[in-house]
Structure formats: structure tokens, C-alpha cells
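Raw contents of data_8.csv, CSV, C-alpha atoms:
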chain,number,residue,atom,x,y,z
A,5,ALA,CA,0.0,0.0,0.0
A,6,ALA,CA,2.9,2.3,0.6
A,7,GLY,CA,3.5,2.4,-3.2
A,8,VAL,CA,-0.2,3.2,-3.8
A,9,ALA,CA,-0.6,6.0,-1.4
A,10,ALA,CA,2.6,8.0,-0.7
A,11,ALA,CA,3.7,9.0,2.8
A,12,SER,CA,2.6,12.6,2.1
A,13,ALA,CA,-0.9,11.5,1.3
A,14,VAL,CA,-1.1,9.4,4.5
A,15,GLU,CA,0.2,12.4,6.4
A,16,ALA,CA,-2.5,14.7,4.8
A,17,TYR,CA,-5.2,12.1,5.6
A,18,GLU,CA,-4.2,11.9,9.2
A,19,ARG,CA,-3.9,15.7,9.5
A,20,ASP,CA,-6.9,16.9,7.5
A,21,GLY,CA,-9.1,13.8,7.2
A,22,VAL,CA,-8.8,13.9,3.3
A,23,ALA,CA,-6.0,13.4,0.8
A,24,VAL,CA,-5.5,13.1,-2.9
A,25,VAL,CA,-3.7,10.1,-4.3
A,26,ARG,CA,-2.6,10.7,-7.9
A,27,SER,CA,-2.7,8.3,-10.9
A,28,VAL,CA,-3.7,5.1,-9.2
A,29,VAL,CA,-6.7,4.0,-11.3
A,30,SER,CA,-5.6,2.6,-14.6
A,31,PRO,CA,-7.1,3.5,-18.0
A,32,TYR,CA,-8.5,-0.1,-18.1
A,33,TRP,CA,-10.6,0.5,-15.0
A,34,LEU,CA,-11.6,4.0,-16.0
A,35,ASP,CA,-13.0,2.8,-19.3
A,36,ALA,CA,-14.7,-0.1,-17.6
A,37,LEU,CA,-16.3,2.2,-15.0
A,38,ARG,CA,-17.4,4.7,-17.6
A,39,ASP,CA,-19.2,1.9,-19.4
A,40,GLY,CA,-20.6,0.8,-16.0
A,41,CYS,CA,-22.2,4.3,-15.5
A,42,GLU,CA,-24.4,3.6,-18.5
A,43,GLU,CA,-25.2,0.1,-17.3
A,44,ALA,CA,-26.0,1.3,-13.8
A,45,GLN,CA,-28.6,3.8,-15.2
A,46,ASP,CA,-30.0,1.2,-17.5
A,47,GLU,CA,-30.3,-1.3,-14.7
A,48,ALA,CA,-30.9,1.0,-11.8
A,49,GLY,CA,-31.3,-0.6,-8.3
A,50,PRO,CA,-34.0,-0.1,-5.7
A,51,TYR,CA,-32.2,2.9,-4.2
A,52,ALA,CA,-31.5,4.8,-7.4
A,53,GLN,CA,-32.5,8.5,-7.5
A,54,TYR,CA,-32.6,11.3,-10.1
A,55,LEU,CA,-32.1,14.4,-8.0
A,56,ALA,CA,-31.8,17.3,-10.4
A,57,ARG,CA,-34.6,19.8,-10.6
A,58,ALA,CA,-36.8,19.7,-13.7
A,59,THR,CA,-35.4,23.0,-15.0
A,60,ASP,CA,-31.8,21.9,-14.6
A,61,PRO,CA,-30.0,21.1,-17.9
A,62,GLY,CA,-27.8,18.5,-16.3
A,63,THR,CA,-28.4,15.0,-14.7
A,64,PHE,CA,-27.9,14.2,-11.0
A,65,PHE,CA,-28.1,10.4,-10.6
A,66,THR,CA,-27.1,8.4,-7.7
A,67,ASP,CA,-27.4,4.7,-6.8
A,68,LEU,CA,-26.1,2.3,-4.2
A,69,GLU,CA,-24.5,-1.2,-4.1
A,70,MET,CA,-23.9,-1.7,-7.8
A,71,ALA,CA,-21.2,-4.3,-6.9
A,72,ARG,CA,-24.0,-6.6,-5.6
A,73,ARG,CA,-25.6,-6.9,-9.1
A,74,LEU,CA,-23.2,-5.6,-11.8
A,75,PRO,CA,-20.0,-7.5,-12.5
A,76,THR,CA,-17.9,-4.5,-13.5
A,77,PHE,CA,-18.4,-2.8,-10.2
A,78,ALA,CA,-17.8,-6.1,-8.3
A,79,ALA,CA,-14.6,-6.7,-10.1
A,80,PHE,CA,-13.4,-3.1,-9.4
A,81,ALA,CA,-14.2,-3.4,-5.7
A,82,LEU,CA,-12.2,-6.6,-5.2
A,83,HIS,CA,-9.4,-6.1,-7.8
A,84,GLY,CA,-9.1,-2.4,-8.3
A,85,PRO,CA,-6.6,-0.1,-6.3
A,86,CYS,CA,-9.0,1.5,-3.8
A,87,ALA,CA,-8.7,-1.1,-1.1
A,88,ALA,CA,-5.0,-0.6,-1.0
A,89,VAL,CA,-5.4,3.2,-0.8
A,90,ALA,CA,-7.8,2.7,2.1
A,91,GLY,CA,-5.3,0.3,3.8
A,92,ALA,CA,-2.5,2.8,3.5
A,93,ALA,CA,-4.6,5.8,4.7
A,94,THR,CA,-6.0,3.9,7.8
A,95,ARG,CA,-2.7,2.0,8.5
A,96,SER,CA,-4.8,-1.2,8.6
A,97,ASP,CA,-3.6,-4.7,8.0
A,98,THR,CA,-6.8,-5.9,6.4
A,99,VAL,CA,-9.4,-3.9,4.5
A,100,ARG,CA,-13.0,-5.1,3.9
A,101,TYR,CA,-15.4,-3.9,1.3
A,102,LEU,CA,-18.5,-2.2,2.5
A,103,TYR,CA,-20.4,-0.9,-0.5
A,104,ASP,CA,-20.2,1.5,-3.5
A,105,GLN,CA,-22.2,4.5,-4.5
A,106,LEU,CA,-22.4,6.1,-8.0
A,107,PHE,CA,-22.8,9.9,-8.4
A,108,ILE,CA,-23.4,11.4,-11.8
A,109,LYS,CA,-23.6,15.2,-11.2
A,110,GLU,CA,-23.4,17.1,-14.4
A,111,PRO,CA,-22.8,20.7,-15.2
A,112,GLY,CA,-26.0,22.7,-14.8
A,113,VAL,CA,-27.3,20.9,-11.7
A,114,SER,CA,-28.5,23.5,-9.2
A,115,LEU,CA,-28.9,21.2,-6.2
A,116,PRO,CA,-26.0,21.4,-3.8
A,117,THR,CA,-24.5,18.3,-2.0
A,118,PRO,CA,-25.6,18.8,1.7
A,119,TRP,CA,-22.8,19.0,4.2
A,120,HIS,CA,-22.5,15.6,5.8
A,121,GLN,CA,-20.3,12.8,7.2
A,122,ASP,CA,-20.5,9.5,5.4
A,123,GLY,CA,-20.3,7.5,8.6
A,124,GLY,CA,-23.6,8.9,9.8
A,125,TYR,CA,-25.4,6.8,7.1
A,126,TRP,CA,-23.6,3.6,7.9
A,127,ARG,CA,-24.2,0.4,9.9
A,128,VAL,CA,-20.6,0.1,11.0
A,129,THR,CA,-18.5,2.1,13.5
A,130,GLY,CA,-14.7,2.6,14.0
A,131,ASP,CA,-11.8,4.9,13.3
A,132,ASP,CA,-10.6,2.9,10.3
A,133,LEU,CA,-13.6,3.7,8.1
A,134,CYS,CA,-13.0,5.7,4.9
A,135,SER,CA,-14.4,6.5,1.4
A,136,VAL,CA,-12.3,6.4,-1.8
A,137,PHE,CA,-13.9,8.7,-4.4
A,138,VAL,CA,-13.0,7.9,-8.0
A,139,PRO,CA,-13.7,10.7,-10.5
A,140,LEU,CA,-14.1,9.5,-14.1
A,141,ASP,CA,-13.9,13.0,-15.7
A,142,PRO,CA,-11.5,15.9,-15.1
A,143,VAL,CA,-12.6,18.0,-12.1
A,144,LYS,CA,-11.8,21.6,-11.5
A,145,ARG,CA,-11.3,22.7,-7.9
A,146,ASP,CA,-14.6,24.7,-8.0
A,147,ASP,CA,-16.5,21.6,-9.0
A,148,CYS,CA,-14.9,19.3,-6.5
A,149,LEU,CA,-16.4,18.2,-3.3
A,150,ALA,CA,-15.3,20.6,-0.5
A,151,PHE,CA,-14.0,19.2,2.8
A,152,LEU,CA,-13.7,20.8,6.2
A,153,PRO,CA,-10.2,19.8,7.4
A,154,GLY,CA,-9.9,18.3,10.8
A,155,THR,CA,-13.5,17.3,11.1
A,156,HIS,CA,-12.5,13.7,11.1
A,157,ARG,CA,-11.9,14.2,14.8
A,158,TRP,CA,-15.6,15.3,15.3
A,159,PRO,CA,-18.2,12.8,16.5
A,160,LEU,CA,-20.8,11.6,14.0
A,161,HIS,CA,-23.8,13.7,13.2
A,162,ASN,CA,-27.2,12.9,11.8
A,163,PRO,CA,-27.3,12.4,8.1
A,164,THR,CA,-29.6,14.3,5.7
A,165,HIS,CA,-31.4,13.4,2.6
A,166,PHE,CA,-29.7,14.6,-0.6
A,167,ALA,CA,-32.9,15.3,-2.4
A,168,ASP,CA,-34.2,17.9,0.0
A,169,GLY,CA,-31.8,18.3,2.9
A,170,THR,CA,-34.2,17.0,5.5
A,171,PRO,CA,-32.7,15.1,8.5
A,172,TYR,CA,-32.9,11.3,8.8
A,173,ARG,CA,-35.4,10.2,11.5
A,174,GLY,CA,-34.6,8.2,14.6
A,175,THR,CA,-30.8,7.8,14.2
A,176,SER,CA,-29.9,8.9,17.8
A,177,LEU,CA,-27.3,11.2,16.3
A,178,PRO,CA,-27.1,15.0,16.9
A,179,GLU,CA,-27.9,17.4,14.0
A,180,LEU,CA,-25.0,19.0,12.1
A,181,THR,CA,-25.8,22.7,12.4
A,182,ASP,CA,-24.6,25.9,10.7
A,183,ALA,CA,-22.9,26.8,14.0
A,184,ASP,CA,-21.0,23.5,13.8
A,185,LEU,CA,-19.9,24.3,10.2
A,186,ALA,CA,-18.8,27.7,11.3
A,187,ARG,CA,-16.3,26.2,13.8
A,188,GLU,CA,-14.1,25.2,10.8
A,189,PRO,CA,-14.0,28.1,8.2
A,190,ARG,CA,-11.5,26.4,5.9
A,191,ARG,CA,-12.6,24.4,2.8
A,192,LEU,CA,-10.3,22.0,1.0
A,193,ALA,CA,-11.0,21.2,-2.7
A,194,PHE,CA,-8.8,19.8,-5.4
A,195,ASP,CA,-8.2,19.8,-9.2
A,196,LEU,CA,-8.5,16.1,-10.2
A,197,GLU,CA,-7.8,14.1,-13.3
A,198,PRO,CA,-9.2,10.6,-14.1
A,199,GLY,CA,-6.9,8.2,-12.4
A,200,ASP,CA,-6.7,10.3,-9.2
A,201,VAL,CA,-8.7,9.5,-6.1
A,202,LEU,CA,-9.8,11.2,-3.0
A,203,VAL,CA,-9.5,9.2,0.3
A,204,PHE,CA,-11.3,10.7,3.3
A,205,SER,CA,-12.4,9.6,6.7
A,206,ALA,CA,-16.0,8.5,7.3
A,207,ARG,CA,-16.2,11.4,9.8
A,208,THR,CA,-14.8,14.2,7.6
A,209,VAL,CA,-17.5,16.8,6.8
A,210,HIS,CA,-17.9,17.5,3.1
A,211,GLY,CA,-20.4,18.8,0.5
A,212,GLY,CA,-20.9,21.9,-1.5
A,213,ARG,CA,-22.2,23.1,-4.9
A,214,GLY,CA,-19.7,21.4,-7.1
A,215,ASN,CA,-20.8,19.4,-10.2
A,216,TRP,CA,-18.0,16.9,-10.9
A,217,GLY,CA,-19.4,14.7,-13.6
A,218,ARG,CA,-19.2,11.0,-13.2
A,219,ALA,CA,-17.7,9.5,-10.0
A,220,LEU,CA,-17.8,6.3,-8.0
A,221,SER,CA,-17.4,6.4,-4.2
A,222,THR,CA,-16.2,3.1,-2.7
A,223,ARG,CA,-16.5,2.5,1.1
A,224,TRP,CA,-14.0,0.6,3.2
A,225,ALA,CA,-13.5,-0.9,6.6
A,226,GLY,CA,-10.1,-1.3,8.3
A,227,ASP,CA,-8.9,-3.1,11.3
A,228,ASP,CA,-11.0,-1.6,14.2
A,229,VAL,CA,-14.4,-1.5,12.4
A,230,ARG,CA,-17.3,-3.3,14.1
A,231,PHE,CA,-20.9,-3.8,13.1
A,232,TRP,CA,-23.3,-1.2,14.5
A,233,PRO,CA,-27.1,-1.8,14.0
A,234,ARG,CA,-27.8,2.0,13.7
A,235,PRO,CA,-31.4,2.8,14.6
A,236,GLY,CA,-33.5,4.9,12.4
A,237,GLU,CA,-34.1,5.2,8.6
A,238,GLY,CA,-31.8,4.5,5.7
A,239,ALA,CA,-28.8,2.7,7.2
A,240,VAL,CA,-26.3,1.2,4.7
A,241,PRO,CA,-25.1,-1.3,3.7
A,242,THR,CA,-28.6,-2.6,3.3
A,243,GLY,CA,-29.8,-6.1,4.0
A,244,ASP,CA,-29.7,-8.7,6.7
A,245,PHE,CA,-26.3,-9.8,8.1
A,246,ARG,CA,-25.1,-12.5,10.4
A,247,LEU,CA,-23.8,-10.0,12.8
A,248,ARG,CA,-24.6,-8.5,16.2
A,249,ASP,CA,-23.7,-5.1,17.7
A,250,GLY,CA,-19.9,-5.0,18.1
A,251,ASP,CA,-19.1,-8.0,15.9
A,252,ALA,CA,-16.1,-7.9,13.7
A,253,LEU,CA,-17.0,-7.8,10.0
A,254,ALA,CA,-14.9,-10.9,9.4
A,255,ARG,CA,-17.8,-12.9,11.0
A,256,ASP,CA,-19.7,-12.3,7.8
A,257,PRO,CA,-17.1,-12.5,5.0
A,258,ALA,CA,-19.7,-13.1,2.3
A,259,ALA,CA,-21.2,-9.7,3.0
A,260,PHE,CA,-17.9,-7.9,3.8
A,261,PRO,CA,-15.2,-9.6,1.8
A,262,ALA,CA,-11.5,-8.9,2.5
A,263,ALA,CA,-10.3,-6.9,-0.5
A,264,TRP,CA,-6.7,-6.1,0.6
A,265,SER,CA,-4.2,-7.3,3.1
A,266,SER,CA,-0.7,-6.0,4.1
A,267,ALA,CA,0.5,-9.7,4.0
A,268,ARG,CA,-0.1,-9.9,0.2
Could you spell out this file's structure in C-alpha cells?
Amino acid sequence: AAGVAAASAVEAYERDGVAVVRSVVSPYWLDALRDGCEEAQDEAGPYAQYLARATDPGTFFTDLEMARRLPTFAAFALHGPCAAVAGAATRSDTVRYLYDQLFIKEPGVSLPTPWHQDGGYWRVTGDDLCSVFVPLDPVKRDDCLAFLPGTHRWPLHNPTHFADGTPYRGTSLPELTDADLAREPRRLAFDLEPGDVLVFSARTVHGGRGNWGRALSTRWAGDDVRFWPRPGEGAVPTGDFRLRDGDALARDPAAFPAAWSSAR
């Protein structure tokens, strides 16, 4: 993993909660995932949403868990470079795959991405949780997701619905308020090329008005992650698992396969 994510990227991840890793996704995978974007829209899953307003000239499409049903995404999850990036960033010995989420947010979309922490949506808990965001088109800084550096040290907050910004119900988590956001005035965003990835902690607050084109966000669990049957609506990964509160994910390897190990 050291060769996949340089020491400077790991240092940035630990300092800011987000880092860029350059040129790690090969042209082969980029082409496959671009084709996969079309397939995912043609064979949308039960959680797919089109979020753009009717007057927007661009598309805003999102869907969950493509790797469960589409071979291209399953192959990328287990054989692409993202698990190794996650392993380096979290300094884990083993990384398990959680799920993937596709975001197609084209120029002209007026709906902002709400400020949120990914971990608030999840049914797992731990410090070694991260997302690896894979852009499939060039992204200018103004169109990149924006991150609040240092917020990976914050506790989790209640997630919100992307469609209308309303809070999730019954999660037991505190709301993320404007006053919270004002505590960290800095915003980090990046110029990205296809092949680059962003790796960020499940607690790092991010969002903004950027329209980045096509991107796949992959979600990863490192060494200390445990199952958490979060109460309330909309927890992911979806489905029934052979796990109880506090169990290691290795107890259900079919649902949470090991995708990378430092011993390899």
C-alpha cells in the first residue's frame, strides 16, 4: 500500500481527514467504470434516485450497491486499487469492502450536495472507516467536493437526505448545524484528473455546490471496524447480516469480503 498512497498522502489524511492520491486508477478500470455508468442507469437498483430539478440542464443520478448486481463494479471493488489506498490511509492490516455508490452530477445541476459525514449513514463504526472517491472525468477545484479539514476528529452527526436536505429520522445522532460548520471556516477542494482518487475519513464533513461529472465512491472498513445496527431510517449497507452489535465484519465474510491485506 505504501506504493499506492505516498507517505505525504497518508500524512495529509491523518492531519486533514482527506487526501489526494494521484494516478492510481488505470485506464482499463476507468474505461470499464465509464461503461458501468451507463449500465447502472439502464439497470438501476431499488435505491436509485434522479435528484436534479426539472429545470436543470444536467443530470444528477445516484445509486447504491452496484457491486452486488453488476460484474464491472464487483470486479473493481475486489481487484481495483481502492482497497490498498484505504489500507494505507488507515494504516490497517486488512481492508474489507462495505459498498459502493455512484454519483453522476453534471454541469447545470443546481442542487448542492448537503454538508454531511459519510459515517452517519452507515451500519458500522470505527476509526478505520473511509471512502475512496474515484472521478471518471476531469474535475476543477470549484467543482470538487469541498472538505472541512480536521473534522474527522468530530463525533458523528445525523445524516440528511440529498434530495431535500431534511434530516434522517430516529438515528440517535445530533444534528449538524450551521454553527457546527462555522467552527471550521476552511474548505479544501482539489483539481483532479481521471486516475486520481480522494480518500477521506467517514467522519470528515464534506459537501458543496460542485458538479464533478461521473464518479464512484467506494466505502472501506479497516482493522478496528465493528458492526453497528444503527437505529432509524436508511442505514447502509442494506440487507440482513449474520452480525450483532460490536461484531467484527470478518464474521460475515460473504457480505464484507476482504479486498486487501498487508500480507499480500
Straight-line distance linking atom CA of Gly130 of chain A with atom CA of Phe166 of chain A, stated in Å to one decimal:
24.1 Å
Ranking A:Thr155, A:Thr242, A:Ser221, A:Ser176 by minimum distance to Cys86 of chain A and counting only C-alpha atoms, which one comes first?
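Going through A:Thr155, A:Thr242, A:Ser221, A:Ser176 one by one, the smallest distance to Cys86 of chain A is for A:Ser221.
Across the model, the gap from atom CA of Gln53 of chain A to atom CA of Phe77 of chain A is 18.3 Å.
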Using only C-alpha atoms and a cutoff of 8 Å, can you tell me which residues are near (-5.4, 12.8, -12.4) in the file's coordinates, and write them out as a ChimeraX atom specification?
/A:26-27,142,196-201
Which residues are close to Asp244 of chain A, i.e. within 12 Å by only C-alpha atoms, leaving aside same-chain residues fewer than 2 positions away? Reply as a PDB file with C-alpha atoms, keeping the file's coordinate frame.
ATOM      1  CA  ARG A 127     -24.200   0.400   9.900  1.00  0.00           C
ATOM      2  CA  PHE A 231     -20.900  -3.800  13.100  1.00  0.00           C
ATOM      3  CA  PRO A 233     -27.100  -1.800  14.000  1.00  0.00           C
ATOM      4  CA  ALA A 239     -28.800   2.700   7.200  1.00  0.00           C
ATOM      5  CA  VAL A 240     -26.300   1.200   4.700  1.00  0.00           C
ATOM      6  CA  PRO A 241     -25.100  -1.300   3.700  1.00  0.00           C
ATOM      7  CA  THR A 242     -28.600  -2.600   3.300  1.00  0.00           C
ATOM      8  CA  ARG A 246     -25.100 -12.500  10.400  1.00  0.00           C
ATOM      9  CA  LEU A 247     -23.800 -10.000  12.800  1.00  0.00           C
ATOM     10  CA  ARG A 248     -24.600  -8.500  16.200  1.00  0.00           C
ATOM     11  CA  ASP A 256     -19.700 -12.300   7.800  1.00  0.00           C
ATOM     12  CA  ALA A 258     -19.700 -13.100   2.300  1.00  0.00           C
ATOM     13  CA  ALA A 259     -21.200  -9.700   3.000  1.00  0.00           C
TER      14      ALA A 259
END
Do you have the atom CA of Glu69 of chain A-atom CA of Leu106 of chain A distance handy?
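Going from atom CA of Glu69 of chain A over to atom CA of Leu106 of chain A, I get 8.5 Å.
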Calculated over all atoms listed in the file, which of the candidates A:Asp141, A:Asp97, A:Glu15, A:Asp60 has the smallest distance to Val113 of chain A?
A:Asp60
Segment 42-49 of chain A surroundings by all atoms listed in the file, 12 Å radius, close-in-sequence under 4 positions cut, as a short mmCIF file (atom, residue, chain, number, x, y, z; two decimals) with C-alpha atoms, keeping the file's coordinate frame:
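This went into selection-v6.cif:
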data_model
loop_
_atom_site.label_atom_id
_atom_site.label_comp_id
_atom_site.auth_asym_id
_atom_site.auth_seq_id
_atom_site.Cartn_x
_atom_site.Cartn_y
_atom_site.Cartn_z
CA ASP A 35 -13.00 2.80 -19.30
CA ALA A 36 -14.70 -0.10 -17.60
CA LEU A 37 -16.30 2.20 -15.00
CA ARG A 38 -17.40 4.70 -17.60
CA GLN A 53 -32.50 8.50 -7.50
CA TYR A 54 -32.60 11.30 -10.10
CA THR A 63 -28.40 15.00 -14.70
CA PHE A 64 -27.90 14.20 -11.00
CA PHE A 65 -28.10 10.40 -10.60
CA THR A 66 -27.10 8.40 -7.70
CA ASP A 67 -27.40 4.70 -6.80
CA LEU A 68 -26.10 2.30 -4.20
CA GLU A 69 -24.50 -1.20 -4.10
CA MET A 70 -23.90 -1.70 -7.80
CA ALA A 71 -21.20 -4.30 -6.90
CA ARG A 72 -24.00 -6.60 -5.60
CA ARG A 73 -25.60 -6.90 -9.10
CA LEU A 74 -23.20 -5.60 -11.80
CA PRO A 75 -20.00 -7.50 -12.50
CA THR A 76 -17.90 -4.50 -13.50
CA PHE A 77 -18.40 -2.80 -10.20
CA ASP A 104 -20.20 1.50 -3.50
CA GLN A 105 -22.20 4.50 -4.50
CA LEU A 106 -22.40 6.10 -8.00
CA PHE A 107 -22.80 9.90 -8.40
CA ILE A 108 -23.40 11.40 -11.80
CA ARG A 218 -19.20 11.00 -13.20
CA LEU A 220 -17.80 6.30 -8.00
#
Of the candidates A:Leu160, A:Ser265, A:Ala167, A:Asp228, which one gets nearest to Ala52 of chain A if we count all atoms listed in the file?
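Closest to Ala52 of chain A of all the choices is A:Ala167.
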With a distance cut-off of 8 Å and all atoms listed in the file, select the neighbouring residues of Gly226 of chain A, excluding the residue or stretch itself and same-chain residues fewer than 4 positions from it, and output the selection as a VMD selection string.
chain A and resid 90 to 91 94 96 to 100 132 to 133
Could you tell me which of A:Asp146, A:Arg95, A:Leu152, A:Ala219 comes closest to Leu34 of chain A if we count all atoms listed in the file?
A:Ala219
Which one of A:Ala267, A:Val24, A:Ala183, A:Ala87 sits closest to Arg223 of chain A if you count all atoms listed in the file?
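Among the listed residues, A:Ala87 lies closest to Arg223 of chain A.
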Name all residues at most 7 Å from segment 116-126 of chain A (count all atoms listed in the file; drop same-chain ones fewer than 6 positions away) and give them as a PyMOL selection string.
chain A and resi 160-163+166+169+206-213+238-241
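Nearest to Pro85 of chain A of all the residues A:Ala16, A:Leu149, A:Leu177, A:Val28 is A:Val28, based on all atoms listed in the file.
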Can you pull out the residues contacting Gly236 of chain A? Cut-off 7 Å, using all atoms listed in the file, and skip same-chain residues under 6 positions away; I want them as a PDB file with C-alpha atoms, keeping the file's coordinate frame.
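What follows is the written file part.pdb:
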ATOM      1  CA  ARG A 173     -35.400  10.200  11.500  1.00  0.00           C
ATOM      2  CA  GLY A 174     -34.600   8.200  14.600  1.00  0.00           C
ATOM      3  CA  THR A 175     -30.800   7.800  14.200  1.00  0.00           C
TER       4      THR A 175
END
